[in-house]
>>> print(open('data.pdb').read())   # PDB, C-alpha atoms, pLDDT in the B column
MODEL        1
ATOM      1  CA  MET A 179       0.000   0.000   0.000  1.00 49.00           C
ATOM      2  CA  ASN A 180       2.848   2.357  -0.828  1.00 52.00           C
ATOM      3  CA  LYS A 181       1.775   5.613  -2.345  1.00 55.00           C
ATOM      4  CA  GLU A 182       4.140   7.466  -4.596  1.00 58.00           C
ATOM      5  CA  VAL A 183       4.432  11.197  -4.155  1.00 51.00           C
ATOM      6  CA  THR A 184       4.639  13.265  -7.299  1.00 55.00           C
ATOM      7  CA  VAL A 185       7.315  15.927  -7.044  1.00 51.00           C
ATOM      8  CA  TYR A 186       7.102  18.727  -9.563  1.00 55.00           C
ATOM      9  CA  GLU A 187      10.315  20.137 -11.033  1.00 61.00           C
ATOM     10  CA  ASN A 188      10.324  23.633  -9.476  1.00 63.00           C
ATOM     11  CA  SER A 189       8.221  22.975  -6.402  1.00 65.00           C
ATOM     12  CA  PRO A 190       9.437  23.663  -2.860  1.00 66.00           C
ATOM     13  CA  SER A 191       9.537  19.921  -2.184  1.00 67.00           C
ATOM     14  CA  SER A 192      11.842  19.323  -5.153  1.00 65.00           C
ATOM     15  CA  THR A 193      14.144  22.063  -3.880  1.00 62.00           C
ATOM     16  CA  LEU A 194      14.266  20.444  -0.441  1.00 62.00           C
ATOM     17  CA  ILE A 195      14.909  17.024  -1.910  1.00 65.00           C
ATOM     18  CA  LYS A 196      17.716  18.383  -4.098  1.00 62.00           C
ATOM     19  CA  SER A 197      19.326  20.028  -1.081  1.00 57.00           C
ATOM     20  CA  LEU A 198      19.648  16.585   0.494  1.00 61.00           C
ATOM     21  CA  GLU A 199      21.534  15.264  -2.508  1.00 61.00           C
ATOM     22  CA  ALA A 200      24.978  15.733  -1.038  1.00 55.00           C
ATOM     23  CA  PRO A 201      27.929  13.501  -1.729  1.00 58.00           C
ATOM     24  CA  ALA A 202      28.090  10.827   0.934  1.00 72.00           C
ATOM     25  CA  LEU A 203      31.215  10.612   3.035  1.00 78.00           C
ATOM     26  CA  ASP A 204      32.998   7.292   3.143  1.00 83.00           C
ATOM     27  CA  PRO A 205      32.191   5.412   6.384  1.00 85.00           C
ATOM     28  CA  VAL A 206      35.898   5.212   7.289  1.00 88.00           C
ATOM     29  CA  ILE A 207      36.249   8.982   6.861  1.00 89.00           C
ATOM     30  CA  LEU A 208      33.115   9.485   8.989  1.00 88.00           C
ATOM     31  CA  ALA A 209      34.612   7.225  11.663  1.00 90.00           C
ATOM     32  CA  LEU A 210      37.835   9.245  11.584  1.00 91.00           C
ATOM     33  CA  ALA A 211      35.885  12.523  11.866  1.00 90.00           C
ATOM     34  CA  ASN A 212      33.779  11.160  14.733  1.00 89.00           C
ATOM     35  CA  GLU A 213      36.871   9.987  16.610  1.00 91.00           C
ATOM     36  CA  HIS A 214      38.344  13.462  16.144  1.00 91.00           C
ATOM     37  CA  LEU A 215      35.114  14.976  17.511  1.00 87.00           C
ATOM     38  CA  ALA A 216      35.424  12.605  20.482  1.00 88.00           C
ATOM     39  CA  GLY A 217      38.691  14.326  21.363  1.00 88.00           C
ATOM     40  CA  LYS A 218      41.416  12.223  19.808  1.00 91.00           C
ATOM     41  CA  ASP A 219      44.373  14.143  18.419  1.00 91.00           C
ATOM     42  CA  TYR A 220      46.016  13.579  15.042  1.00 92.00           C
ATOM     43  CA  GLU A 221      48.709  11.326  16.519  1.00 93.00           C
ATOM     44  CA  GLU A 222      46.162   8.983  18.126  1.00 92.00           C
ATOM     45  CA  LEU A 223      44.080   8.919  14.948  1.00 92.00           C
ATOM     46  CA  SER A 224      47.083   8.071  12.791  1.00 91.00           C
ATOM     47  CA  ARG A 225      47.979   5.131  15.086  1.00 92.00           C
ATOM     48  CA  GLU A 226      44.382   3.892  15.340  1.00 91.00           C
ATOM     49  CA  PHE A 227      43.716   4.012  11.587  1.00 90.00           C
ATOM     50  CA  GLY A 228      47.221   2.870  10.594  1.00 91.00           C
ATOM     51  CA  VAL A 229      48.063   5.860   8.406  1.00 91.00           C
ATOM     52  CA  ASN A 230      50.576   8.670   8.430  1.00 91.00           C
ATOM     53  CA  LYS A 231      49.729  11.799  10.432  1.00 92.00           C
ATOM     54  CA  ASP A 232      49.837  13.794   7.175  1.00 92.00           C
ATOM     55  CA  VAL A 233      47.077  11.616   5.709  1.00 91.00           C
ATOM     56  CA  VAL A 234      44.895  12.270   8.770  1.00 91.00           C
ATOM     57  CA  THR A 235      45.551  16.003   8.373  1.00 92.00           C
ATOM     58  CA  GLN A 236      44.636  15.935   4.677  1.00 92.00           C
ATOM     59  CA  ILE A 237      41.423  14.008   5.342  1.00 91.00           C
ATOM     60  CA  LEU A 238      40.305  16.282   8.178  1.00 92.00           C
ATOM     61  CA  ASN A 239      41.073  19.365   6.068  1.00 92.00           C
ATOM     62  CA  LYS A 240      38.828  18.255   3.192  1.00 91.00           C
ATOM     63  CA  LYS A 241      35.949  20.675   2.651  1.00 89.00           C
ATOM     64  CA  GLU A 242      33.165  18.118   3.140  1.00 89.00           C
ATOM     65  CA  VAL A 243      34.794  16.646   6.264  1.00 89.00           C
ATOM     66  CA  LYS A 244      35.290  20.099   7.789  1.00 89.00           C
ATOM     67  CA  SER A 245      31.669  20.925   7.020  1.00 87.00           C
ATOM     68  CA  TYR A 246      30.524  17.721   8.728  1.00 86.00           C
ATOM     69  CA  ILE A 247      32.675  18.382  11.810  1.00 86.00           C
ATOM     70  CA  ASP A 248      31.511  22.000  12.049  1.00 84.00           C
ATOM     71  CA  THR A 249      27.861  20.991  11.753  1.00 83.00           C
ATOM     72  CA  VAL A 250      28.120  18.330  14.448  1.00 83.00           C
ATOM     73  CA  PHE A 251      30.183  20.582  16.720  1.00 78.00           C
ATOM     74  CA  LEU A 252      27.780  23.522  16.451  1.00 76.00           C
ATOM     75  CA  ASN A 253      24.746  21.343  17.139  1.00 78.00           C
ATOM     76  CA  GLN A 254      26.087  19.857  20.361  1.00 77.00           C
ATOM     77  CA  GLY A 255      25.801  21.201  23.882  1.00 68.00           C
ATOM     78  CA  TYR A 256      25.582  24.904  24.536  1.00 66.00           C
ATOM     79  CA  LEU A 257      26.964  25.835  21.131  1.00 70.00           C
ATOM     80  CA  ASN A 258      23.558  24.904  19.762  1.00 73.00           C
ATOM     81  CA  ARG A 259      21.814  28.245  19.130  1.00 75.00           C
ATOM     82  CA  GLN A 260      18.523  27.089  20.619  1.00 78.00           C
ATOM     83  CA  LYS A 261      20.104  25.690  23.791  1.00 82.00           C
ATOM     84  CA  LEU A 262      22.250  28.801  24.228  1.00 79.00           C
ATOM     85  CA  SER A 263      19.273  31.075  23.696  1.00 79.00           C
ATOM     86  CA  ASN A 264      17.167  29.119  26.215  1.00 83.00           C
ATOM     87  CA  LEU A 265      19.960  29.213  28.789  1.00 84.00           C
ATOM     88  CA  ILE A 266      20.457  32.968  28.402  1.00 81.00           C
ATOM     89  CA  ASN A 267      16.711  33.575  28.704  1.00 83.00           C
ATOM     90  CA  GLN A 268      16.607  31.499  31.907  1.00 87.00           C
ATOM     91  CA  VAL A 269      19.527  33.447  33.393  1.00 84.00           C
ATOM     92  CA  VAL A 270      17.967  36.819  32.533  1.00 82.00           C
ATOM     93  CA  GLU A 271      14.596  35.745  33.957  1.00 86.00           C
ATOM     94  CA  ALA A 272      16.289  34.483  37.141  1.00 86.00           C
ATOM     95  CA  LYS A 273      18.116  37.821  37.503  1.00 81.00           C
ATOM     96  CA  VAL A 274      14.824  39.714  37.134  1.00 81.00           C
ATOM     97  CA  VAL A 275      13.038  37.432  39.630  1.00 85.00           C
ATOM     98  CA  ASP A 276      15.891  37.807  42.140  1.00 83.00           C
ATOM     99  CA  ALA A 277      15.831  41.564  41.715  1.00 80.00           C
ATOM    100  CA  LEU A 278      12.056  41.735  42.204  1.00 81.00           C
ATOM    101  CA  GLU A 279      12.198  39.501  45.302  1.00 85.00           C
ATOM    102  CA  SER A 280      15.090  41.302  46.944  1.00 83.00           C
ATOM    103  CA  GLY A 281      14.099  44.767  45.820  1.00 78.00           C
ATOM    104  CA  GLU A 282      17.681  45.455  44.795  1.00 78.00           C
ATOM    105  CA  TRP A 283      18.618  45.784  41.170  1.00 73.00           C
ATOM    106  CA  SER A 284      22.122  45.237  39.958  1.00 71.00           C
ATOM    107  CA  LYS A 285      21.759  47.198  36.764  1.00 70.00           C
ATOM    108  CA  LYS A 286      25.248  46.387  35.550  1.00 75.00           C
ATOM    109  CA  ASP A 287      24.831  42.616  35.837  1.00 75.00           C
ATOM    110  CA  LEU A 288      21.395  42.616  34.198  1.00 74.00           C
ATOM    111  CA  LEU A 289      22.504  45.019  31.461  1.00 79.00           C
ATOM    112  CA  ASP A 290      25.570  42.866  30.771  1.00 81.00           C
ATOM    113  CA  TRP A 291      23.318  39.857  30.201  1.00 77.00           C
ATOM    114  CA  LEU A 292      20.931  41.843  28.011  1.00 78.00           C
ATOM    115  CA  LYS A 293      23.890  43.142  26.004  1.00 82.00           C
ATOM    116  CA  PHE A 294      25.036  39.539  25.578  1.00 79.00           C
ATOM    117  CA  VAL A 295      21.543  38.594  24.336  1.00 77.00           C
ATOM    118  CA  GLN A 296      21.705  41.448  21.814  1.00 79.00           C
ATOM    119  CA  THR A 297      25.176  40.384  20.659  1.00 80.00           C
ATOM    120  CA  ILE A 298      24.033  36.790  20.121  1.00 73.00           C
ATOM    121  CA  SER A 299      20.971  38.035  18.248  1.00 73.00           C
ATOM    122  CA  VAL A 300      23.041  40.191  15.904  1.00 72.00           C
ATOM    123  CA  GLU A 301      25.550  37.399  15.286  1.00 69.00           C
ATOM    124  CA  THR A 302      22.862  34.853  14.417  1.00 64.00           C
ATOM    125  CA  GLN A 303      21.148  37.219  11.990  1.00 66.00           C
ATOM    126  CA  GLY A 304      24.347  37.719  10.049  1.00 61.00           C
ATOM    127  CA  LYS A 305      25.707  40.842   8.531  1.00 62.00           C
ATOM    128  CA  GLU A 306      24.074  42.653   5.698  1.00 64.00           C
ATOM    129  CA  LYS A 307      25.936  41.910   2.529  1.00 67.00           C
ATOM    130  CA  GLY A 308      27.248  44.854   0.599  1.00 66.00           C
ATOM    131  CA  PRO A 309      28.789  44.984  -2.819  1.00 64.00           C
ATOM    132  CA  GLN A 310      31.453  42.350  -3.258  1.00 69.00           C
ATOM    133  CA  VAL A 311      33.177  43.969  -6.228  1.00 70.00           C
ATOM    134  CA  GLN A 312      34.320  47.545  -6.470  1.00 65.00           C
ATOM    135  CA  VAL A 313      33.747  49.129  -9.843  1.00 62.00           C
ATOM    136  CA  ASN A 314      36.031  51.988 -10.749  1.00 62.00           C
ATOM    137  CA  VAL A 315      34.648  54.301 -13.361  1.00 64.00           C
ATOM    138  CA  GLN A 316      37.041  56.707 -14.990  1.00 67.00           C
ATOM    139  CA  ASN A 317      35.056  59.668 -16.060  1.00 73.00           C
ATOM    140  CA  ASN A 318      36.420  61.751 -18.942  1.00 76.00           C
ATOM    141  CA  TYR A 319      33.669  64.316 -18.578  1.00 73.00           C
ATOM    142  CA  MET A 320      35.940  67.284 -17.864  1.00 74.00           C
ATOM    143  CA  LYS A 321      38.272  66.456 -20.745  1.00 79.00           C
ATOM    144  CA  LEU A 322      35.295  66.150 -23.103  1.00 77.00           C
ATOM    145  CA  MET A 323      33.841  69.463 -21.923  1.00 76.00           C
ATOM    146  CA  LYS A 324      37.161  71.248 -22.448  1.00 80.00           C
ATOM    147  CA  GLU A 325      37.388  69.858 -25.975  1.00 81.00           C
ATOM    148  CA  LEU A 326      33.820  70.913 -26.775  1.00 80.00           C
ATOM    149  CA  PHE A 327      34.190  74.467 -25.497  1.00 80.00           C
ATOM    150  CA  SER A 328      37.700  75.166 -26.635  1.00 79.00           C
ATOM    151  CA  ASP A 329      38.215  77.577 -29.543  1.00 67.00           C
ATOM    152  CA  ASN A 330      40.014  75.098 -31.775  1.00 58.00           C
TER     153      ASN A 330
ENDMDL
END
>>> encode(input="data.pdb", output="structure tokens")
Amino acid sequence: MNKEVTVYENSPSSTLIKSLEAPALDPVILALANEHLAGKDYEELSREFGVNKDVVTQILNKKEVKSYIDTVFLNQGYLNRQKLSNLINQVVEAKVVDALESGEWSKKDLLDWLKFVQTISVETQGKEKGPQVQVNVQNNYMKLMKELFSDN
């Protein structure tokens, strides 16, 4: 009772499906990357996998391996944006509750946390992209005007 889903060429679902079509990493390379994420240094990895340290370095410096490591690293623990955001919100709320209960406000401490929240917000939104290429235009307007109005 399997139903096939029709995916149209330029539909949002086809775009999502195409985005998943990434080259698969070799299982041995994934194992090496995961061992590196677990905290093993290049020397340990070279001994464990029976290759030269330079080979380990070359593998871990490959674009797709670096991308994999970065993705896993940024999604773990408090580096995960959602976890970090939730933690900061809890700290700020606790500071406000403590201040309301005690009647004493430490403006500096609370403002430092709010500034940190703002900094994280700006960093996650990214910077506005400006022009990437500078175009130099050499304008011969003055030379042309002198030629036109000269008494030659």
>>> atom_distance(input="data.pdb", atom1="atom CA of Val229 of chain A", atom2="atom CA of Pro205 of chain A")
16.0 Å
>>> resolve_selection(input="data.pdb", expression="the PyMOL selection byres ((chain A and resi 281-292) around 12)", output="PyMOL selection string")
chain A and resi 263+265-280+293-299
>>> resolve_selection(input="data.pdb", expression="the PyMOL selection byres ((chain A and resi 232-241) around 12)", output="PyMOL selection string")
chain A and resi 201+203-204+206-215+218-231+242-248
>>> atom_distance(input="data.pdb", atom1="atom CA of Gly217 of chain A", atom2="atom CA of Phe251 of chain A")
11.5 Å
>>> atom_distance(input="data.pdb", atom1="atom CA of Val300 of chain A", atom2="atom CA of Gln254 of chain A")
21.0 Å
